[in-house]
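Student: Here it is, the structure, as structure tokens.
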Amino acid sequence: MNRMRGQGVSGGVAIGPVYFHMRRKPEDMPRTGQDVSAETARWTAARDDAAQALNALAESARNQAGEEAALLFETHRLLTEDEDFGEAVRGLIESESCSAEYAVYAAGERFAALFDAMEDEYMRARSADVRDVARRIMDILTGGERERIDPPGPVILAAEDLAPSETVRLEKAKTLGLILKNGSAGSHTAILARAMGIPAVCGLGEALSEEHAGHTACMDGDEGTVMIDPDESTLKSFRERAGHEDERMRALEKMRGMPDESRDGRRMSVHCSIASPDDIASVLANDGRGVGLYRSEMLFLSTGHLPGEEEQFAAYRAAVSGMKGKRVVIRTLDIGADKQLSYLPMKKEENPAMGMRAVRICLRQPDLFLTQLRALYRASAFGRLSILFPMITSVREVVECRALCRRAMEELEREGIPFDRAAETGVMIETPASVLIAKELAQEADFFSVGTNDLTQYLLACDRQAGDMDGVYDPHHPSVLRAVRMAADAAHEAGVRVGICGELAGDMEMIPLFLDMGIDEVSVPPQKVLEVRGRIRSI
Ligand code: PEP
Ligand code: MG
């Protein structure tokens with residue numbers, strides 16, 4: 001038996017065969033026996049797509065950052081059209097019958113090596129540009145992150161790390177548990193695992209290896225342990241623990257239908273965080289009071305294209321009508337940082353978590369934002385919908401978001417499309433700036449929702465994605481708890497409701513403190529509703 005330890009990031013135990021998901025490396029791409037004309041056509045189409053994307057990037061860089069920034073993308077576009085490069089790719093496909101992606105990789109490496117060998121420092125640095133362009137075309141050819149993980153049956157899924165776009169498309173019935181070499185508790189992959197009720201351990205490092213594929217494993221997502229090839233007594237104890245878990249869940253059934261109220265009469269309603277309208281069934285099954293956070297970007301991450309108004313409307317309407325009049329808070333697009341859309345390329349940033357994210361993107365691309373707001377308002381006619389703006393750092397941003405909301409409503413009114421004019425708009429408190437100006441923000445919001453995941457990251461200057469920060473990323477840090485209280489006090493002074501939608505909302509130790517702060521609502525994974533309610537009712 002091989003025992004390893006990582007960080008438990010989503011509770012529960014699982015037993016099953018290990019399935020190791022490996023991203024295709026260039027060396028593994030088909031190198032012979034491909035259809036030459038089909039691969040040549042794939043190359044041409046991918047090259048044209050890359051050129052078009054780079055043109056769009058140059059255009060937006062020109063508008064936002066000036067001519068010099070645009071020049072970088074222009075240069076990359078010119079590289080896609082370079083005759084010699086194209087000839088090298090075509091030559092490889094024709095002479096070796098290799099796949100288009102392998103040809104692009106090999107030609108890119110060949111050209112990059114030529115630059116690497118040059119005397120001139122400026123020319124040497126161009127090798128990075130060549131590799132960047134080759135990578136962009138290869139991503140288009142392989143679908144980038146869009147490859148779906150499809151194990152043959154129920155497995156414990158092992159991987160280096162998973163992107164949120166991969167996690168959101170996991171088939172729950174086939175994913176007994178998740179074990180990762182890298183990753184962190186604050187990452188969206190861990191958040192999604194918790195929301196889906198999948199036990200997960202991350203940060204196992206090199207102890208976890210591809211060689212474990214096919215072996216039986218037991219894992220404990222609370223303790224962060226994984227056993228490969230468990231002996232009989234370990235298997236027995238894990239089976240017993242799985243049984244106890246079922247018993248515990250049955251005991252919690254008593255909480256169904258009970259008020260979210262402490263013994264001394266304080267109320268804090270328990271809502272759910274979801275990633276898709278498919279999760280509504282789980283919210284209802286677990287007796288959630290409503291949806292406190294629907295991360296709309298997961299819709300954008302789970303498709304390989306930009307969802308238009310109709311597609312978005314269908315998803316939002318399904319969530320809102322599925323909740324049958326209970327409140328559904330839908331957060332507007334929060335992309336950027338770890339949540340990149342392969343079809344909406346963005347400029348590379350040194351610090352993407354502090355760069356173009358969420359409303360910063362939406363306010364710079366009003367057409368994109370307006371499409372979403374129209375879809376949201378249309379869905380508001382089917383139940384009780386609230387709109388939530390992420391990553392707010394200034395009053396101006398909220399004013400601009402609400403101006404676009406008014407524009408969406410005016411358009412729908414002119415077109416005779418029904419919507420709920422009273423749909424509330426709220427502000428996420430997840431940056432230090434938003435805490436410090438909470439009083440002013442409260443004048444522009446119907447409600448606050450505190451995002452403790454990002455708030456912790458920004459208050460402690462600690463990347464939530466980094467798995468090896470040795471406890472620095474600490475949502476229990478006094479600065480985080482004090483910030484939550486400051487935001488709550490500012491909200492209540494202005495008569496504005498305040499909820500918590502970060503992962504801290506479901507932390508049993510924190511429930512008494514949140515009640516004490518007068519927090520009106522917590523939003524937790526559906527599987528946690530009854531447990532949190534039980535905790536509230538015990539106080
Ligand atoms: C948060 O930051 O706490 C939050 C709820 O948003 P996300 O985790 O999606 O960034
Ligand atoms: Mg956040």
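Letters A, B, ... go to the chains of the structure tokens in the order shown; residues in each chain start at 1; ligands are counted from 1 in the same order.
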Give me, as a PyMOL selection string, all polymer residues having an atom no more than 6 Å from segment 213-216 of chain A, counting only C-alpha atoms and skipping those fewer than 2 positions away in the same chain.
Tutor: chain A and resi 16-20+210-211+228-229
Student: Just to be explicit: take each residue in the selection above, keep N, CA, C and O atoms, and write the result as an mmCIF file, in the first residue's frame.
Tutor:
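Saved as result-v1.cif:
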```
data_model
loop_
_atom_site.group_PDB
_atom_site.id
_atom_site.type_symbol
_atom_site.label_atom_id
_atom_site.label_comp_id
_atom_site.auth_asym_id
_atom_site.auth_seq_id
_atom_site.Cartn_x
_atom_site.Cartn_y
_atom_site.Cartn_z
ATOM 1 N N GLY A 16 -12.046 3.572 -5.476
ATOM 2 C CA GLY A 16 -12.260 3.235 -6.885
ATOM 3 C C GLY A 16 -10.960 3.144 -7.645
ATOM 4 O O GLY A 16 -9.883 3.404 -7.097
ATOM 5 N N PRO A 17 -11.032 2.800 -8.931
ATOM 6 C CA PRO A 17 -9.818 2.729 -9.746
ATOM 7 C C PRO A 17 -9.343 4.127 -10.138
ATOM 8 O O PRO A 17 -10.153 5.032 -10.321
ATOM 9 N N VAL A 18 -8.031 4.290 -10.244
ATOM 10 C CA VAL A 18 -7.468 5.594 -10.613
ATOM 11 C C VAL A 18 -7.473 5.727 -12.144
ATOM 12 O O VAL A 18 -7.068 4.813 -12.860
ATOM 13 N N TYR A 19 -7.968 6.865 -12.600
ATOM 14 C CA TYR A 19 -7.900 7.185 -14.040
ATOM 15 C C TYR A 19 -7.053 8.431 -14.150
ATOM 16 O O TYR A 19 -7.387 9.469 -13.563
ATOM 17 N N PHE A 20 -5.921 8.339 -14.832
ATOM 18 C CA PHE A 20 -5.024 9.490 -14.893
ATOM 19 C C PHE A 20 -5.279 10.280 -16.173
ATOM 20 O O PHE A 20 -5.143 9.760 -17.268
ATOM 21 N N GLU A 210 1.656 8.952 -12.944
ATOM 22 C CA GLU A 210 0.886 8.354 -14.042
ATOM 23 C C GLU A 210 0.838 6.829 -13.894
ATOM 24 O O GLU A 210 -0.080 6.180 -14.355
ATOM 25 N N GLU A 211 1.858 6.288 -13.202
ATOM 26 C CA GLU A 211 1.920 4.832 -13.043
ATOM 27 C C GLU A 211 0.802 4.287 -12.152
ATOM 28 O O GLU A 211 0.540 3.087 -12.137
ATOM 29 N N ILE A 228 -2.935 4.215 -2.329
ATOM 30 C CA ILE A 228 -2.966 3.451 -3.574
ATOM 31 C C ILE A 228 -2.744 1.981 -3.200
ATOM 32 O O ILE A 228 -1.931 1.683 -2.322
ATOM 33 N N ASP A 229 -3.435 1.081 -3.857
ATOM 34 C CA ASP A 229 -3.387 -0.349 -3.553
ATOM 35 C C ASP A 229 -3.622 -0.583 -2.052
ATOM 36 O O ASP A 229 -2.759 -1.143 -1.345
#
```
Student: Contacts of Ala88 of chain A at 10 Å or less, counting only C-alpha atoms, minus same-chain residues fewer than 4 places along, as a PyMOL selection string?
Tutor: chain A and resi 83-84+92-94+103-104+106-108+110-111
Student: With only C-alpha atoms and all ligand atoms counted and 12 Å as the cut-off, give the residues of chain A in contact with ligand 2, each with its shortest interatomic distance in Å and the pair that gives it, as JSON lines.
Tutor:
```
{"residue": "A:Gly186", "atom": "CA", "partner": "ligand 2", "partner_atom_place_in_ligand_line": "1 (Mg)", "distance": 9.9}
{"residue": "A:Ser187", "atom": "CA", "partner": "ligand 2", "partner_atom_place_in_ligand_line": "1 (Mg)", "distance": 10.2}
{"residue": "A:His188", "atom": "CA", "partner": "ligand 2", "partner_atom_place_in_ligand_line": "1 (Mg)", "distance": 9.3}
{"residue": "A:Ile191", "atom": "CA", "partner": "ligand 2", "partner_atom_place_in_ligand_line": "1 (Mg)", "distance": 11.0}
{"residue": "A:Leu293", "atom": "CA", "partner": "ligand 2", "partner_atom_place_in_ligand_line": "1 (Mg)", "distance": 10.7}
{"residue": "A:Tyr294", "atom": "CA", "partner": "ligand 2", "partner_atom_place_in_ligand_line": "1 (Mg)", "distance": 12.0}
{"residue": "A:Arg295", "atom": "CA", "partner": "ligand 2", "partner_atom_place_in_ligand_line": "1 (Mg)", "distance": 9.6}
{"residue": "A:Glu297", "atom": "CA", "partner": "ligand 2", "partner_atom_place_in_ligand_line": "1 (Mg)", "distance": 11.5}
{"residue": "A:Arg331", "atom": "CA", "partner": "ligand 2", "partner_atom_place_in_ligand_line": "1 (Mg)", "distance": 10.1}
{"residue": "A:Thr332", "atom": "CA", "partner": "ligand 2", "partner_atom_place_in_ligand_line": "1 (Mg)", "distance": 11.4}
{"residue": "A:Leu333", "atom": "CA", "partner": "ligand 2", "partner_atom_place_in_ligand_line": "1 (Mg)", "distance": 11.0}
{"residue": "A:Asp334", "atom": "CA", "partner": "ligand 2", "partner_atom_place_in_ligand_line": "1 (Mg)", "distance": 7.8}
{"residue": "A:Ile335", "atom": "CA", "partner": "ligand 2", "partner_atom_place_in_ligand_line": "1 (Mg)", "distance": 10.0}
{"residue": "A:Gly336", "atom": "CA", "partner": "ligand 2", "partner_atom_place_in_ligand_line": "1 (Mg)", "distance": 10.9}
{"residue": "A:Ala337", "atom": "CA", "partner": "ligand 2", "partner_atom_place_in_ligand_line": "1 (Mg)", "distance": 10.5}
{"residue": "A:Asp338", "atom": "CA", "partner": "ligand 2", "partner_atom_place_in_ligand_line": "1 (Mg)", "distance": 11.1}
{"residue": "A:Lys339", "atom": "CA", "partner": "ligand 2", "partner_atom_place_in_ligand_line": "1 (Mg)", "distance": 11.1}
{"residue": "A:Ala353", "atom": "CA", "partner": "ligand 2", "partner_atom_place_in_ligand_line": "1 (Mg)", "distance": 10.0}
{"residue": "A:Met354", "atom": "CA", "partner": "ligand 2", "partner_atom_place_in_ligand_line": "1 (Mg)", "distance": 11.7}
{"residue": "A:Arg357", "atom": "CA", "partner": "ligand 2", "partner_atom_place_in_ligand_line": "1 (Mg)", "distance": 9.9}
{"residue": "A:Ala358", "atom": "CA", "partner": "ligand 2", "partner_atom_place_in_ligand_line": "1 (Mg)", "distance": 9.0}
{"residue": "A:Val359", "atom": "CA", "partner": "ligand 2", "partner_atom_place_in_ligand_line": "1 (Mg)", "distance": 11.5}
{"residue": "A:Leu388", "atom": "CA", "partner": "ligand 2", "partner_atom_place_in_ligand_line": "1 (Mg)", "distance": 11.4}
{"residue": "A:Phe389", "atom": "CA", "partner": "ligand 2", "partner_atom_place_in_ligand_line": "1 (Mg)", "distance": 10.2}
{"residue": "A:Pro390", "atom": "CA", "partner": "ligand 2", "partner_atom_place_in_ligand_line": "1 (Mg)", "distance": 6.7}
{"residue": "A:Met391", "atom": "CA", "partner": "ligand 2", "partner_atom_place_in_ligand_line": "1 (Mg)", "distance": 6.7}
{"residue": "A:Ile392", "atom": "CA", "partner": "ligand 2", "partner_atom_place_in_ligand_line": "1 (Mg)", "distance": 10.0}
{"residue": "A:Val427", "atom": "CA", "partner": "ligand 2", "partner_atom_place_in_ligand_line": "1 (Mg)", "distance": 11.4}
{"residue": "A:Met428", "atom": "CA", "partner": "ligand 2", "partner_atom_place_in_ligand_line": "1 (Mg)", "distance": 7.9}
{"residue": "A:Ile429", "atom": "CA", "partner": "ligand 2", "partner_atom_place_in_ligand_line": "1 (Mg)", "distance": 8.7}
{"residue": "A:Glu430", "atom": "CA", "partner": "ligand 2", "partner_atom_place_in_ligand_line": "1 (Mg)", "distance": 6.2}
{"residue": "A:Thr431", "atom": "CA", "partner": "ligand 2", "partner_atom_place_in_ligand_line": "1 (Mg)", "distance": 8.7}
{"residue": "A:Ser449", "atom": "CA", "partner": "ligand 2", "partner_atom_place_in_ligand_line": "1 (Mg)", "distance": 10.2}
{"residue": "A:Val450", "atom": "CA", "partner": "ligand 2", "partner_atom_place_in_ligand_line": "1 (Mg)", "distance": 8.8}
{"residue": "A:Gly451", "atom": "CA", "partner": "ligand 2", "partner_atom_place_in_ligand_line": "1 (Mg)", "distance": 5.4}
{"residue": "A:Thr452", "atom": "CA", "partner": "ligand 2", "partner_atom_place_in_ligand_line": "1 (Mg)", "distance": 7.4}
{"residue": "A:Asn453", "atom": "CA", "partner": "ligand 2", "partner_atom_place_in_ligand_line": "1 (Mg)", "distance": 5.9}
{"residue": "A:Asp454", "atom": "CA", "partner": "ligand 2", "partner_atom_place_in_ligand_line": "1 (Mg)", "distance": 4.7}
{"residue": "A:Leu455", "atom": "CA", "partner": "ligand 2", "partner_atom_place_in_ligand_line": "1 (Mg)", "distance": 7.5}
{"residue": "A:Thr456", "atom": "CA", "partner": "ligand 2", "partner_atom_place_in_ligand_line": "1 (Mg)", "distance": 9.8}
{"residue": "A:Gln457", "atom": "CA", "partner": "ligand 2", "partner_atom_place_in_ligand_line": "1 (Mg)", "distance": 9.4}
{"residue": "A:Tyr458", "atom": "CA", "partner": "ligand 2", "partner_atom_place_in_ligand_line": "1 (Mg)", "distance": 10.3}
{"residue": "A:Arg464", "atom": "CA", "partner": "ligand 2", "partner_atom_place_in_ligand_line": "1 (Mg)", "distance": 10.2}
{"residue": "A:Ile500", "atom": "CA", "partner": "ligand 2", "partner_atom_place_in_ligand_line": "1 (Mg)", "distance": 11.2}
{"residue": "A:Cys501", "atom": "CA", "partner": "ligand 2", "partner_atom_place_in_ligand_line": "1 (Mg)", "distance": 8.9}
{"residue": "A:Gly502", "atom": "CA", "partner": "ligand 2", "partner_atom_place_in_ligand_line": "1 (Mg)", "distance": 7.4}
{"residue": "A:Glu503", "atom": "CA", "partner": "ligand 2", "partner_atom_place_in_ligand_line": "1 (Mg)", "distance": 10.1}
```
Student: Which residues of segment 302-362 of chain A come within 9 Å of segment 43-59 of chain A, and what is each one's closest atom pair and distance in Å (one decimal), counting only C-alpha atoms, sorted by chain and residue number, as a tab-separated table?
Tutor:
```
residue	atom	partner	partner_atom	distance
A:Tyr343	CA	A:Ala53	CA	8.4
A:Leu344	CA	A:Ala53	CA	8.1
A:Pro345	CA	A:Ala53	CA	7.1
A:Met346	CA	A:Leu57	CA	7.0
A:Lys347	CA	A:Leu57	CA	7.2
```
Student: Give the strand (DSSP E or B) residues of segment 363-468 of chain A, as DSSP finds them on the backbone, and put them as an NGL selection string.
Tutor: :A and (384-389 or 424-429 or 447-450)
Student: Go ahead and write the residues just picked, N, CA and C atoms, as an mmCIF file, in the first residue's frame.
Tutor:
```
data_model
loop_
_atom_site.group_PDB
_atom_site.id
_atom_site.type_symbol
_atom_site.label_atom_id
_atom_site.label_comp_id
_atom_site.auth_asym_id
_atom_site.auth_seq_id
_atom_site.Cartn_x
_atom_site.Cartn_y
_atom_site.Cartn_z
ATOM 1 N N ARG A 384 -37.841 35.015 -9.578
ATOM 2 C CA ARG A 384 -37.251 36.107 -8.785
ATOM 3 C C ARG A 384 -35.742 36.137 -8.990
ATOM 4 N N LEU A 385 -35.324 37.026 -9.857
ATOM 5 C CA LEU A 385 -33.906 37.056 -10.222
ATOM 6 C C LEU A 385 -33.220 38.314 -9.672
ATOM 7 N N SER A 386 -31.999 38.143 -9.181
ATOM 8 C CA SER A 386 -31.170 39.294 -8.787
ATOM 9 C C SER A 386 -29.863 39.217 -9.562
ATOM 10 N N ILE A 387 -29.325 40.371 -9.882
ATOM 11 C CA ILE A 387 -28.085 40.424 -10.671
ATOM 12 C C ILE A 387 -26.949 40.909 -9.765
ATOM 13 N N LEU A 388 -25.813 40.234 -9.846
ATOM 14 C CA LEU A 388 -24.691 40.545 -8.951
ATOM 15 C C LEU A 388 -23.451 40.902 -9.770
ATOM 16 N N PHE A 389 -22.795 42.016 -9.428
ATOM 17 C CA PHE A 389 -21.612 42.461 -10.174
ATOM 18 C C PHE A 389 -20.326 42.073 -9.427
ATOM 19 N N GLU A 424 -33.455 42.985 -8.465
ATOM 20 C CA GLU A 424 -32.446 43.710 -7.674
ATOM 21 C C GLU A 424 -31.052 43.612 -8.290
ATOM 22 N N THR A 425 -30.230 44.603 -8.001
ATOM 23 C CA THR A 425 -28.823 44.517 -8.402
ATOM 24 C C THR A 425 -27.949 44.621 -7.150
ATOM 25 N N GLY A 426 -26.927 43.783 -7.110
ATOM 26 C CA GLY A 426 -26.071 43.749 -5.927
ATOM 27 C C GLY A 426 -24.600 43.853 -6.283
ATOM 28 N N VAL A 427 -23.807 44.076 -5.258
ATOM 29 C CA VAL A 427 -22.368 44.289 -5.437
ATOM 30 C C VAL A 427 -21.600 43.221 -4.674
ATOM 31 N N MET A 428 -20.618 42.624 -5.324
ATOM 32 C CA MET A 428 -19.756 41.692 -4.599
ATOM 33 C C MET A 428 -18.713 42.483 -3.834
ATOM 34 N N ILE A 429 -18.554 42.114 -2.588
ATOM 35 C CA ILE A 429 -17.506 42.724 -1.776
ATOM 36 C C ILE A 429 -16.394 41.688 -1.731
ATOM 37 N N PHE A 447 -28.221 44.895 -2.496
ATOM 38 C CA PHE A 447 -27.655 43.920 -1.549
ATOM 39 C C PHE A 447 -26.149 43.788 -1.791
ATOM 40 N N PHE A 448 -25.464 43.265 -0.766
ATOM 41 C CA PHE A 448 -24.036 42.949 -0.879
ATOM 42 C C PHE A 448 -23.881 41.433 -0.823
ATOM 43 N N SER A 449 -22.856 40.935 -1.497
ATOM 44 C CA SER A 449 -22.509 39.530 -1.331
ATOM 45 C C SER A 449 -20.996 39.482 -1.157
ATOM 46 N N VAL A 450 -20.557 38.988 -0.015
ATOM 47 C CA VAL A 450 -19.122 39.035 0.286
ATOM 48 C C VAL A 450 -18.436 37.789 -0.281
#
```
Student: Please compute the atom CA of Ala163 of chain A-atom CA of Leu481 of chain A distance, one decimal, in Å.
Tutor: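 We find that atom CA of Ala163 of chain A and atom CA of Leu481 of chain A lie 29.1 Å from each other.
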Student: Using only C-alpha atoms and all ligand atoms, can you tell me which of A:His492, A:Arg194, A:Arg327, A:Arg126 comes closest to ligand 1?
Tutor: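 Using only C-alpha atoms and all ligand atoms, the shortest distance to ligand 1 belongs to A:Arg194.
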Student: My list of candidates is A:Met298, A:Asp470, A:Leu180, A:Pro512. Which is closest to ligand 1 when distances are computed with only C-alpha atoms and all ligand atoms?
Tutor: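 Of A:Met298, A:Asp470, A:Leu180, A:Pro512, the one nearest ligand 1, counting only C-alpha atoms and all ligand atoms, is A:Met298.
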Student: Restricting the calculation to only C-alpha atoms and all ligand atoms: of A:Gly471, A:Pro164, A:Pro230, A:Pro30, which residue gets closest to ligand 1?
Tutor: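 Among the listed residues, A:Pro164 lies closest to ligand 1.
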Student: From the DSSP assignment of the backbone, select every residue of segment 419-473 of chain A that is alpha helix (DSSP H), and format the answer as an MDAnalysis selection string.
Tutor: chainID A and resid 432:436 438:442 452:459
Student: Selection from above, all heavy atoms, as a short mmCIF file (atom, residue, chain, number, x, y, z; two decimals), in the first residue's frame, can you write it?
Tutor:
```cif
data_model
loop_
_atom_site.label_atom_id
_atom_site.label_comp_id
_atom_site.auth_asym_id
_atom_site.auth_seq_id
_atom_site.Cartn_x
_atom_site.Cartn_y
_atom_site.Cartn_z
N PRO A 432 -10.30 44.70 -1.25
CA PRO A 432 -10.16 45.60 -0.09
C PRO A 432 -10.82 46.95 -0.35
O PRO A 432 -11.45 47.53 0.54
CB PRO A 432 -8.64 45.72 0.06
CG PRO A 432 -8.10 44.45 -0.52
CD PRO A 432 -9.03 44.09 -1.66
N ALA A 433 -10.71 47.45 -1.60
CA ALA A 433 -11.30 48.75 -1.91
C ALA A 433 -12.80 48.74 -1.65
O ALA A 433 -13.35 49.69 -1.06
CB ALA A 433 -11.04 49.11 -3.38
N SER A 434 -13.46 47.66 -2.03
CA SER A 434 -14.93 47.64 -1.86
C SER A 434 -15.31 47.64 -0.37
O SER A 434 -16.34 48.17 0.00
CB SER A 434 -15.53 46.44 -2.59
OG SER A 434 -15.07 45.23 -2.02
N VAL A 435 -14.46 47.06 0.47
CA VAL A 435 -14.75 47.09 1.91
C VAL A 435 -14.65 48.52 2.42
O VAL A 435 -15.51 49.01 3.15
CB VAL A 435 -13.76 46.19 2.69
CG1 VAL A 435 -13.96 46.32 4.19
CG2 VAL A 435 -13.89 44.74 2.25
N LEU A 436 -13.58 49.19 1.97
CA LEU A 436 -13.32 50.53 2.51
C LEU A 436 -14.32 51.57 1.99
O LEU A 436 -14.49 52.61 2.61
CB LEU A 436 -11.88 50.95 2.20
CG LEU A 436 -10.84 50.07 2.91
CD1 LEU A 436 -9.44 50.39 2.46
CD2 LEU A 436 -10.94 50.22 4.42
N ALA A 438 -17.52 50.64 1.34
CA ALA A 438 -18.80 49.92 1.43
C ALA A 438 -19.97 50.88 1.70
O ALA A 438 -21.07 50.69 1.19
CB ALA A 438 -18.71 48.86 2.52
N LYS A 439 -19.69 51.94 2.48
CA LYS A 439 -20.76 52.89 2.80
C LYS A 439 -21.30 53.52 1.51
O LYS A 439 -22.51 53.61 1.31
CB LYS A 439 -20.15 53.96 3.71
CG LYS A 439 -21.15 54.88 4.30
CD LYS A 439 -20.51 55.77 5.35
CE LYS A 439 -21.44 56.94 5.59
NZ LYS A 439 -20.76 58.16 5.90
N GLU A 440 -20.38 53.93 0.65
CA GLU A 440 -20.79 54.58 -0.61
C GLU A 440 -21.43 53.55 -1.55
O GLU A 440 -22.42 53.84 -2.21
CB GLU A 440 -19.59 55.23 -1.30
CG GLU A 440 -19.07 56.49 -0.63
CD GLU A 440 -18.18 56.20 0.59
OE1 GLU A 440 -17.91 55.02 0.89
OE2 GLU A 440 -17.77 57.17 1.25
N LEU A 441 -20.84 52.34 -1.58
CA LEU A 441 -21.38 51.32 -2.48
C LEU A 441 -22.81 50.94 -2.08
O LEU A 441 -23.65 50.64 -2.94
CB LEU A 441 -20.49 50.06 -2.47
CG LEU A 441 -19.13 50.20 -3.16
CD1 LEU A 441 -18.29 48.94 -2.93
CD2 LEU A 441 -19.28 50.44 -4.65
N ALA A 442 -23.06 51.00 -0.76
CA ALA A 442 -24.39 50.61 -0.28
C ALA A 442 -25.48 51.54 -0.83
O ALA A 442 -26.64 51.15 -0.95
CB ALA A 442 -24.41 50.59 1.24
N THR A 452 -15.47 35.84 -0.02
CA THR A 452 -14.31 35.71 0.86
C THR A 452 -13.11 35.05 0.17
O THR A 452 -11.98 35.18 0.65
CB THR A 452 -14.67 34.89 2.11
OG1 THR A 452 -15.35 33.71 1.69
CG2 THR A 452 -15.55 35.69 3.04
N ASN A 453 -13.36 34.37 -0.95
CA ASN A 453 -12.22 33.71 -1.62
C ASN A 453 -11.26 34.76 -2.18
O ASN A 453 -10.05 34.71 -1.94
CB ASN A 453 -12.71 32.83 -2.78
CG ASN A 453 -13.80 31.88 -2.35
OD1 ASN A 453 -13.85 31.52 -1.19
ND2 ASN A 453 -14.65 31.49 -3.27
N ASP A 454 -11.82 35.71 -2.94
CA ASP A 454 -10.95 36.75 -3.49
C ASP A 454 -10.55 37.75 -2.42
O ASP A 454 -9.43 38.26 -2.43
CB ASP A 454 -11.65 37.46 -4.66
CG ASP A 454 -11.47 36.70 -5.95
OD1 ASP A 454 -10.33 36.26 -6.22
OD2 ASP A 454 -12.45 36.51 -6.69
N LEU A 455 -11.48 38.02 -1.50
CA LEU A 455 -11.15 38.99 -0.45
C LEU A 455 -9.90 38.52 0.32
O LEU A 455 -9.01 39.31 0.63
CB LEU A 455 -12.36 39.13 0.50
CG LEU A 455 -12.30 40.27 1.49
CD1 LEU A 455 -12.07 41.61 0.81
CD2 LEU A 455 -13.59 40.33 2.32
N THR A 456 -9.83 37.22 0.61
CA THR A 456 -8.66 36.68 1.31
C THR A 456 -7.41 36.87 0.45
O THR A 456 -6.36 37.32 0.93
CB THR A 456 -8.86 35.17 1.61
OG1 THR A 456 -10.07 35.01 2.32
CG2 THR A 456 -7.71 34.59 2.40
N GLN A 457 -7.55 36.54 -0.83
CA GLN A 457 -6.40 36.65 -1.75
C GLN A 457 -5.87 38.08 -1.80
O GLN A 457 -4.67 38.31 -1.72
CB GLN A 457 -6.85 36.18 -3.13
CG GLN A 457 -6.24 36.87 -4.33
CD GLN A 457 -6.43 36.10 -5.62
OE1 GLN A 457 -5.73 35.12 -5.85
NE2 GLN A 457 -7.34 36.54 -6.46
N TYR A 458 -6.78 39.05 -1.90
CA TYR A 458 -6.33 40.43 -2.08
C TYR A 458 -5.91 41.08 -0.75
O TYR A 458 -4.98 41.88 -0.72
CB TYR A 458 -7.40 41.27 -2.77
CG TYR A 458 -7.69 40.78 -4.19
CD1 TYR A 458 -8.95 40.43 -4.61
CD2 TYR A 458 -6.64 40.65 -5.12
CE1 TYR A 458 -9.21 39.98 -5.89
CE2 TYR A 458 -6.88 40.19 -6.40
CZ TYR A 458 -8.15 39.85 -6.79
OH TYR A 458 -8.38 39.39 -8.06
N LEU A 459 -6.58 40.70 0.35
CA LEU A 459 -6.18 41.30 1.63
C LEU A 459 -4.82 40.78 2.07
O LEU A 459 -4.01 41.52 2.60
CB LEU A 459 -7.21 40.95 2.72
CG LEU A 459 -8.45 41.84 2.78
CD1 LEU A 459 -9.47 41.25 3.74
CD2 LEU A 459 -8.10 43.25 3.22
#
```
Student: Using only C-alpha atoms, find the one residue out of A:Gly518, A:Gly33, A:Gly243, A:Pro352 that sits nearest to Gly265 of chain A.
Tutor: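 Smallest separation from Gly265 of chain A among the options: A:Gly518.
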Student: Excluding Pro526 of chain A and its own-chain neighbours fewer than 5 positions away, which residues fall within 10 Å of it when counting only C-alpha atoms? Please give them as a VMD selection string.
Tutor: chain A and resid 194 to 197 270 to 274 279 to 288 291
Student: Find the residues around segment 244-259 of chain A up to 7 Å (only C-alpha atoms counted), leave out those fewer than 4 positions away in its own chain, and share them as a ChimeraX atom specification.
Tutor: /A:240,287,530-531,533-534
